[in-house]
Amino acid sequence: MDEAEDRLRQQRGRRRIVAVAVALISGGTVSVAEIVIGLVFRLDSVLAEGLHTLADMLDSVVALLAVRQAARPPDRSHPFGHGKFESVAALVEGVVIAATGGGICWSAFKTLVWGQPRPEFSGAAIAAMAAAAVLYLIVSTWLAREAKQTASPTVYAEAAHLRTHIYITGGLFAGLWLGRALAWPWVDSLMALAVGFALLKTALDVLKPAFGQLTDQALPDADLKAIVQELRQFGDEFIEMHRVRSRAAGVERHLDVHLVVAPETTVRVAHELCDRMERAVARRFPDTLITIHVEPAEKATGDGGSPGQVLIAGQPAAPKR
Ligand SMILES: [Zn+2]
Ligand SMILES: [Zn+2]
Ligand SMILES: [Zn+2]
């Protein structure tokens with residue numbers, strides 16, 4: 001990898017860090033406001049959303065540290081890079097969100113079944129929810145753009161997550177307003193329950209991809225297809241490629257593959273071909289680590305090596321003598 005590429009990589013890393021920090025600051029501000037409002041006016045739904053946002057904030061701190069760690073170049077202790085620091089962070093994040101969601105659901109359920117809610121639908125609380133929704137709209141739109149430009153799933157997750165808060169705070173705004181208009185206290189507990197369920201759903205969405213990365217799940221089919229397409233354009237310089245193995249680590253993609261070349265190919269020529277292939281893949285997917293194992297023609301499998309592996313056919317092999 002050359003220097004310019006290294007610099008770009010570090011630049012993207014820094015932008016991701018700024019993006020996560022912005023998500024953190026806006027979430028933290030809203031969270032404190034919601035917890036205070038929830039306690040003062042006995043609004044369980046607003047308190048639940050405040051706790052939810054607090055859990056998010058703690059997660060963002062973990063994510064911030066993880067993105068920092070993940071952006072470091074490979075070193076002696078982590079020669080494959082630090083991409084999986086992001087996967088571990090997502091796992092922690094998912095567990096915290098699940099616990100918060102479970103707690104909120106349980107508490108709202110208790111109030112609905114055995115309790116008597118006595119919320120005060122204050123105008124200040126209603127206005128605060130509207131303001132929070134607008135803030136989330138602005139920040140999440142900006143984050144989504146940063147995520148796209150830096151190709152970061154972490155920043156994308158933050159953006160998508162803040163977007164859900166637009167709906168939640170918007171819903172709370174409408175619900176509190178309705179509760180005030182109808183003088184119906186139960187709407188508060190029902191909304192708290194809904195916030196709890198939304199959290200459980202979010203937890204699942206965060207845990208699934210993190211689990212996939214930590215268990216070395218293959219790249220999504222679309223990514224793999226795009227990579228194979230890049231490699232295929234060198235088809236007249238090799239006999240076949242097989243045993244294509246892929247996995248993701250945070251924003252990084254790891255790929256290793258066998259390359260079958262004509263037996264008389266020199267090491268110099270084969271290596272130069274590998275370098276060009278690596279560059280082609282890196283152009284399409286910037287943070288890809290690719291390892292190519294070179295084999296002579298008699299290693300051609302004709303069917304992709306082991307079952308389920310991708311085969312990329314090149315020129316026909318010379319008949320065996
Ligand atoms: Zn959230
Ligand atoms: Zn092989
Ligand atoms: Zn080399």
# chains A, B, ... in the order shown; residues from 1 in each chain; ligands from 1
$ closest_atom_pairs --of "chain A" --to "ligand 1" --cutoff "8 Å" --atoms "only C-alpha atoms and all ligand atoms" --output "Markdown table"
| residue | atom | partner | partner_atom_place_in_ligand_line | distance |
| --- | --- | --- | --- | --- |
| A:Glu49 | CA | ligand 1 | 1 (Zn) | 8.0 |
| A:His52 | CA | ligand 1 | 1 (Zn) | 5.6 |
| A:Thr53 | CA | ligand 1 | 1 (Zn) | 5.3 |
| A:Ala55 | CA | ligand 1 | 1 (Zn) | 7.5 |
| A:Asp56 | CA | ligand 1 | 1 (Zn) | 5.3 |
| A:Ile97 | CA | ligand 1 | 1 (Zn) | 7.9 |
| A:His161 | CA | ligand 1 | 1 (Zn) | 5.8 |
| A:Leu162 | CA | ligand 1 | 1 (Zn) | 6.5 |
| A:Thr164 | CA | ligand 1 | 1 (Zn) | 7.0 |
| A:His165 | CA | ligand 1 | 1 (Zn) | 6.2 |
| A:Leu199 | CA | ligand 1 | 1 (Zn) | 6.8 |
| A:Thr202 | CA | ligand 1 | 1 (Zn) | 7.6 |
$ write_last_selection --atoms "N, CA, C and O atoms" --output "mmCIF file, in the first residue's frame"
data_model
loop_
_atom_site.group_PDB
_atom_site.id
_atom_site.type_symbol
_atom_site.label_atom_id
_atom_site.label_comp_id
_atom_site.auth_asym_id
_atom_site.auth_seq_id
_atom_site.Cartn_x
_atom_site.Cartn_y
_atom_site.Cartn_z
ATOM 1 N N GLU A 49 -37.365 7.559 27.182
ATOM 2 C CA GLU A 49 -36.611 8.027 26.021
ATOM 3 C C GLU A 49 -35.289 8.656 26.470
ATOM 4 O O GLU A 49 -34.268 8.524 25.800
ATOM 5 N N HIS A 52 -33.042 5.777 27.300
ATOM 6 C CA HIS A 52 -32.686 5.210 26.004
ATOM 7 C C HIS A 52 -31.539 6.019 25.395
ATOM 8 O O HIS A 52 -30.529 5.480 24.970
ATOM 9 N N THR A 53 -31.696 7.344 25.408
ATOM 10 C CA THR A 53 -30.679 8.204 24.813
ATOM 11 C C THR A 53 -29.380 8.160 25.620
ATOM 12 O O THR A 53 -28.288 8.226 25.056
ATOM 13 N N ALA A 55 -28.321 5.508 27.250
ATOM 14 C CA ALA A 55 -27.690 4.247 26.847
ATOM 15 C C ALA A 55 -26.984 4.440 25.505
ATOM 16 O O ALA A 55 -25.858 3.980 25.304
ATOM 17 N N ASP A 56 -27.653 5.167 24.601
ATOM 18 C CA ASP A 56 -27.044 5.464 23.299
ATOM 19 C C ASP A 56 -25.732 6.203 23.466
ATOM 20 O O ASP A 56 -24.759 5.963 22.762
ATOM 21 N N ILE A 97 -28.143 -1.840 24.946
ATOM 22 C CA ILE A 97 -29.449 -1.412 24.433
ATOM 23 C C ILE A 97 -30.528 -2.420 24.820
ATOM 24 O O ILE A 97 -31.622 -2.052 25.254
ATOM 25 N N HIS A 161 -29.627 5.319 13.542
ATOM 26 C CA HIS A 161 -30.148 5.277 14.895
ATOM 27 C C HIS A 161 -30.784 6.613 15.295
ATOM 28 O O HIS A 161 -31.880 6.652 15.830
ATOM 29 N N LEU A 162 -30.058 7.709 15.013
ATOM 30 C CA LEU A 162 -30.616 9.028 15.346
ATOM 31 C C LEU A 162 -31.915 9.269 14.585
ATOM 32 O O LEU A 162 -32.822 9.928 15.072
ATOM 33 N N THR A 164 -34.175 7.063 13.979
ATOM 34 C CA THR A 164 -35.281 6.449 14.726
ATOM 35 C C THR A 164 -35.731 7.376 15.856
ATOM 36 O O THR A 164 -36.895 7.392 16.225
ATOM 37 N N HIS A 165 -34.780 8.180 16.375
ATOM 38 C CA HIS A 165 -35.152 9.107 17.448
ATOM 39 C C HIS A 165 -36.014 10.266 16.951
ATOM 40 O O HIS A 165 -36.726 10.880 17.733
ATOM 41 N N LEU A 199 -36.423 -0.213 21.495
ATOM 42 C CA LEU A 199 -35.046 -0.469 21.916
ATOM 43 C C LEU A 199 -34.654 -1.923 21.699
ATOM 44 O O LEU A 199 -33.544 -2.224 21.256
ATOM 45 N N THR A 202 -33.923 -2.399 18.119
ATOM 46 C CA THR A 202 -32.628 -1.802 17.774
ATOM 47 C C THR A 202 -31.484 -2.721 18.202
ATOM 48 O O THR A 202 -30.515 -2.918 17.459
#
$ residues_around --residues "range 140-155 of chain A" --least-positions-apart "3" --cutoff "7 Å" --atoms "only C-alpha atoms" --output "list in words"
Arg12, Arg16, Ala19, Val20, Tyr136, Leu137, Glu158, Ala159, Leu162, Arg163 and Val251 of chain A
$ write_last_selection --atoms "C-alpha atoms" --output "PDB file, in the first residue's frame"
ATOM      1  CA  ARG A  12     -11.430   8.830   6.546  1.00  0.00           C
ATOM      2  CA  ARG A  16     -15.506   9.045  11.275  1.00  0.00           C
ATOM      3  CA  ALA A  19     -18.999  12.225  13.113  1.00  0.00           C
ATOM      4  CA  VAL A  20     -19.337   9.928  16.119  1.00  0.00           C
ATOM      5  CA  TYR A 136     -32.254  14.816  15.426  1.00  0.00           C
ATOM      6  CA  LEU A 137     -33.409  15.493  11.877  1.00  0.00           C
ATOM      7  CA  GLU A 158     -25.301   6.247  14.290  1.00  0.00           C
ATOM      8  CA  ALA A 159     -27.153   8.115  11.533  1.00  0.00           C
ATOM      9  CA  LEU A 162     -30.616   9.028  15.346  1.00  0.00           C
ATOM     10  CA  ARG A 163     -33.210   8.834  12.585  1.00  0.00           C
ATOM     11  CA  VAL A 251     -15.053  -1.274   7.922  1.00  0.00           C
TER      12      VAL A 251
END
$ residues_around --residues "range 211-221 of chain A" --least-positions-apart "4" --cutoff "7 Å" --atoms "only C-alpha atoms" --output "ChimeraX atom specification"
/A:87,207,225,246-249
$ write_last_selection --atoms "all heavy atoms" --output "compact mmCIF listing (two decimals), in the first residue's frame"
# COMPACT_ATOMS: atom_id res chain seq x y z
N SER A 87 -16.43 -4.34 15.75
CA SER A 87 -17.41 -5.41 15.92
C SER A 87 -17.67 -5.67 17.41
O SER A 87 -18.81 -5.87 17.83
CB SER A 87 -16.93 -6.70 15.27
OG SER A 87 -16.16 -6.44 14.13
N LEU A 207 -26.85 -6.25 17.06
CA LEU A 207 -26.16 -7.48 17.43
C LEU A 207 -25.92 -8.40 16.23
O LEU A 207 -24.89 -9.06 16.16
CB LEU A 207 -26.97 -8.24 18.49
CG LEU A 207 -26.94 -7.61 19.89
CD1 LEU A 207 -27.92 -8.31 20.81
CD2 LEU A 207 -25.54 -7.67 20.48
N LYS A 225 -19.73 -10.34 -5.10
CA LYS A 225 -19.95 -10.33 -6.54
C LYS A 225 -19.15 -9.20 -7.19
O LYS A 225 -18.53 -9.38 -8.24
CB LYS A 225 -21.44 -10.13 -6.83
CG LYS A 225 -22.03 -11.18 -7.76
CD LYS A 225 -23.52 -11.10 -7.73
CE LYS A 225 -24.12 -11.14 -9.12
NZ LYS A 225 -25.59 -11.16 -9.05
N SER A 246 -13.85 -14.86 2.27
CA SER A 246 -13.98 -13.46 2.64
C SER A 246 -14.57 -13.33 4.03
O SER A 246 -15.22 -14.25 4.53
CB SER A 246 -14.91 -12.75 1.65
OG SER A 246 -16.22 -13.24 1.80
N ARG A 247 -14.30 -12.21 4.64
CA ARG A 247 -14.92 -11.89 5.93
C ARG A 247 -14.78 -10.39 6.14
O ARG A 247 -13.98 -9.74 5.46
CB ARG A 247 -14.24 -12.66 7.07
CG ARG A 247 -12.76 -12.35 7.16
CD ARG A 247 -12.07 -13.18 8.21
NE ARG A 247 -10.62 -12.98 8.11
CZ ARG A 247 -9.75 -13.49 8.95
NH1 ARG A 247 -10.17 -14.24 9.95
NH2 ARG A 247 -8.47 -13.26 8.80
N ALA A 248 -15.54 -9.86 7.08
CA ALA A 248 -15.48 -8.43 7.36
C ALA A 248 -14.97 -8.22 8.77
O ALA A 248 -15.17 -9.05 9.65
CB ALA A 248 -16.86 -7.80 7.21
N ALA A 249 -14.27 -7.10 8.97
CA ALA A 249 -13.82 -6.71 10.30
C ALA A 249 -14.04 -5.21 10.41
O ALA A 249 -13.22 -4.43 9.96
CB ALA A 249 -12.35 -7.06 10.50
$ residues_near_ligand --ligand "ligand 3" --cutoff "8 Å" --atoms "only C-alpha atoms and all ligand atoms" --output "PDB file with N, CA, C and O atoms, in the first residue's frame"
ATOM      1  N   HIS A 271       3.740 -12.127  -9.340  1.00  0.00           N
ATOM      2  CA  HIS A 271       3.640 -11.130  -8.276  1.00  0.00           C
ATOM      3  C   HIS A 271       3.093  -9.815  -8.811  1.00  0.00           C
ATOM      4  O   HIS A 271       2.241  -9.177  -8.188  1.00  0.00           O
ATOM      5  N   GLU A 272       3.545  -9.445  -9.993  1.00  0.00           N
ATOM      6  CA  GLU A 272       3.098  -8.188 -10.595  1.00  0.00           C
ATOM      7  C   GLU A 272       1.591  -8.260 -10.895  1.00  0.00           C
ATOM      8  O   GLU A 272       0.854  -7.298 -10.683  1.00  0.00           O
ATOM      9  N   CYS A 274      -0.559 -10.121  -9.218  1.00  0.00           N
ATOM     10  CA  CYS A 274      -1.214 -10.037  -7.900  1.00  0.00           C
ATOM     11  C   CYS A 274      -1.344  -8.582  -7.469  1.00  0.00           C
ATOM     12  O   CYS A 274      -2.396  -8.156  -6.996  1.00  0.00           O
ATOM     13  N   ASP A 275      -0.265  -7.828  -7.620  1.00  0.00           N
ATOM     14  CA  ASP A 275      -0.289  -6.421  -7.218  1.00  0.00           C
ATOM     15  C   ASP A 275      -1.380  -5.660  -7.961  1.00  0.00           C
ATOM     16  O   ASP A 275      -2.109  -4.865  -7.371  1.00  0.00           O
TER      17      ASP A 275
END
$ residues_near_ligand --ligand "ligand 2" --cutoff "9 Å" --atoms "only C-alpha atoms and all ligand atoms" --output "list of chain:residue names"
A:Met241, A:His242, A:Arg243, A:Val257, A:His258, A:Leu259, A:Val260, A:His293, A:Val294, A:Glu295, A:Lys299, A:Ala300, A:Thr301, A:Gly304, A:Gly305
$ write_last_selection --atoms "N, CA and C atoms" --output "mmCIF file, in the first residue's frame"
data_model
loop_
_atom_site.group_PDB
_atom_site.id
_atom_site.type_symbol
_atom_site.label_atom_id
_atom_site.label_comp_id
_atom_site.auth_asym_id
_atom_site.auth_seq_id
_atom_site.Cartn_x
_atom_site.Cartn_y
_atom_site.Cartn_z
ATOM 1 N N MET A 241 -9.267 -18.849 -10.569
ATOM 2 C CA MET A 241 -9.108 -18.468 -9.165
ATOM 3 C C MET A 241 -10.124 -19.294 -8.410
ATOM 4 N N HIS A 242 -9.699 -19.838 -7.268
ATOM 5 C CA HIS A 242 -10.650 -20.617 -6.485
ATOM 6 C C HIS A 242 -10.416 -20.385 -4.995
ATOM 7 N N ARG A 243 -11.228 -21.062 -4.184
ATOM 8 C CA ARG A 243 -11.133 -20.927 -2.729
ATOM 9 C C ARG A 243 -11.163 -19.458 -2.317
ATOM 10 N N VAL A 257 -7.504 -15.780 -1.533
ATOM 11 C CA VAL A 257 -7.923 -16.445 -2.747
ATOM 12 C C VAL A 257 -6.729 -17.168 -3.381
ATOM 13 N N HIS A 258 -6.993 -18.293 -4.032
ATOM 14 C CA HIS A 258 -5.937 -19.009 -4.759
ATOM 15 C C HIS A 258 -5.968 -18.588 -6.224
ATOM 16 N N LEU A 259 -4.773 -18.378 -6.781
ATOM 17 C CA LEU A 259 -4.652 -17.940 -8.173
ATOM 18 C C LEU A 259 -3.838 -18.986 -8.927
ATOM 19 N N VAL A 260 -4.466 -19.619 -9.922
ATOM 20 C CA VAL A 260 -3.766 -20.646 -10.696
ATOM 21 C C VAL A 260 -3.239 -20.017 -11.983
ATOM 22 N N HIS A 293 -2.732 -16.502 -3.071
ATOM 23 C CA HIS A 293 -1.856 -17.665 -3.026
ATOM 24 C C HIS A 293 -1.716 -18.182 -4.456
ATOM 25 N N VAL A 294 -0.483 -18.186 -4.982
ATOM 26 C CA VAL A 294 -0.272 -18.542 -6.394
ATOM 27 C C VAL A 294 0.000 -20.039 -6.543
ATOM 28 N N GLU A 295 -0.654 -20.662 -7.541
ATOM 29 C CA GLU A 295 -0.480 -22.093 -7.781
ATOM 30 C C GLU A 295 -0.242 -22.350 -9.270
ATOM 31 N N LYS A 299 -2.969 -27.361 -10.413
ATOM 32 C CA LYS A 299 -3.807 -27.188 -9.228
ATOM 33 C C LYS A 299 -5.219 -26.711 -9.576
ATOM 34 N N ALA A 300 -5.478 -26.528 -10.874
ATOM 35 C CA ALA A 300 -6.806 -26.069 -11.279
ATOM 36 C C ALA A 300 -7.852 -27.081 -10.828
ATOM 37 N N THR A 301 -8.947 -26.616 -10.257
ATOM 38 C CA THR A 301 -9.975 -27.520 -9.748
ATOM 39 C C THR A 301 -11.136 -27.619 -10.717
ATOM 40 N N GLY A 304 -14.028 -24.620 -8.308
ATOM 41 C CA GLY A 304 -13.994 -23.666 -7.207
ATOM 42 C C GLY A 304 -13.373 -24.192 -5.936
ATOM 43 N N GLY A 305 -12.702 -25.356 -5.978
ATOM 44 C CA GLY A 305 -12.066 -25.861 -4.762
ATOM 45 C C GLY A 305 -13.083 -26.556 -3.900
#
$ decode --residues "range 178-195 of chain A" --atoms "N, CA and C atoms" --output "PDB file, in the first residue's frame"
ATOM      1  N   LEU A 178     -51.785  14.706  22.745  1.00  0.00           N
ATOM      2  CA  LEU A 178     -53.067  14.000  22.787  1.00  0.00           C
ATOM      3  C   LEU A 178     -53.492  13.743  24.236  1.00  0.00           C
ATOM      4  N   GLY A 179     -52.526  13.294  25.057  1.00  0.00           N
ATOM      5  CA  GLY A 179     -52.811  13.027  26.467  1.00  0.00           C
ATOM      6  C   GLY A 179     -53.324  14.276  27.166  1.00  0.00           C
ATOM      7  N   ARG A 180     -52.717  15.403  26.804  1.00  0.00           N
ATOM      8  CA  ARG A 180     -53.124  16.674  27.402  1.00  0.00           C
ATOM      9  C   ARG A 180     -54.536  17.043  26.938  1.00  0.00           C
ATOM     10  N   ALA A 181     -54.784  16.881  25.630  1.00  0.00           N
ATOM     11  CA  ALA A 181     -56.086  17.250  25.063  1.00  0.00           C
ATOM     12  C   ALA A 181     -57.200  16.373  25.623  1.00  0.00           C
ATOM     13  N   LEU A 182     -56.920  15.060  25.784  1.00  0.00           N
ATOM     14  CA  LEU A 182     -57.962  14.128  26.228  1.00  0.00           C
ATOM     15  C   LEU A 182     -57.936  13.885  27.735  1.00  0.00           C
ATOM     16  N   ALA A 183     -56.898  14.440  28.419  1.00  0.00           N
ATOM     17  CA  ALA A 183     -56.709  14.201  29.854  1.00  0.00           C
ATOM     18  C   ALA A 183     -56.725  12.696  30.145  1.00  0.00           C
ATOM     19  N   TRP A 184     -55.903  11.957  29.392  1.00  0.00           N
ATOM     20  CA  TRP A 184     -55.857  10.507  29.496  1.00  0.00           C
ATOM     21  C   TRP A 184     -54.444  10.072  29.906  1.00  0.00           C
ATOM     22  N   PRO A 185     -54.210   9.738  31.184  1.00  0.00           N
ATOM     23  CA  PRO A 185     -52.844   9.494  31.676  1.00  0.00           C
ATOM     24  C   PRO A 185     -52.183   8.238  31.106  1.00  0.00           C
ATOM     25  N   TRP A 186     -52.987   7.225  30.700  1.00  0.00           N
ATOM     26  CA  TRP A 186     -52.407   5.942  30.284  1.00  0.00           C
ATOM     27  C   TRP A 186     -51.560   6.054  29.025  1.00  0.00           C
ATOM     28  N   VAL A 187     -51.807   7.091  28.234  1.00  0.00           N
ATOM     29  CA  VAL A 187     -51.049   7.240  26.996  1.00  0.00           C
ATOM     30  C   VAL A 187     -49.549   7.306  27.297  1.00  0.00           C
ATOM     31  N   ASP A 188     -49.196   7.869  28.468  1.00  0.00           N
ATOM     32  CA  ASP A 188     -47.787   7.987  28.855  1.00  0.00           C
ATOM     33  C   ASP A 188     -47.156   6.606  29.039  1.00  0.00           C
ATOM     34  N   SER A 189     -47.838   5.721  29.776  1.00  0.00           N
ATOM     35  CA  SER A 189     -47.293   4.377  30.024  1.00  0.00           C
ATOM     36  C   SER A 189     -47.224   3.565  28.736  1.00  0.00           C
ATOM     37  N   LEU A 190     -48.249   3.715  27.899  1.00  0.00           N
ATOM     38  CA  LEU A 190     -48.260   2.980  26.631  1.00  0.00           C
ATOM     39  C   LEU A 190     -47.080   3.400  25.759  1.00  0.00           C
ATOM     40  N   MET A 191     -46.798   4.706  25.753  1.00  0.00           N
ATOM     41  CA  MET A 191     -45.682   5.190  24.939  1.00  0.00           C
ATOM     42  C   MET A 191     -44.348   4.722  25.517  1.00  0.00           C
ATOM     43  N   ALA A 192     -44.262   4.659  26.857  1.00  0.00           N
ATOM     44  CA  ALA A 192     -43.033   4.159  27.482  1.00  0.00           C
ATOM     45  C   ALA A 192     -42.791   2.715  27.051  1.00  0.00           C
ATOM     46  N   LEU A 193     -43.871   1.924  27.012  1.00  0.00           N
ATOM     47  CA  LEU A 193     -43.767   0.527  26.581  1.00  0.00           C
ATOM     48  C   LEU A 193     -43.272   0.452  25.132  1.00  0.00           C
ATOM     49  N   ALA A 194     -43.820   1.327  24.290  1.00  0.00           N
ATOM     50  CA  ALA A 194     -43.422   1.340  22.879  1.00  0.00           C
ATOM     51  C   ALA A 194     -41.940   1.698  22.732  1.00  0.00           C
ATOM     52  N   VAL A 195     -41.470   2.656  23.539  1.00  0.00           N
ATOM     53  CA  VAL A 195     -40.047   3.031  23.493  1.00  0.00           C
ATOM     54  C   VAL A 195     -39.194   1.820  23.865  1.00  0.00           C
TER      55      VAL A 195
END
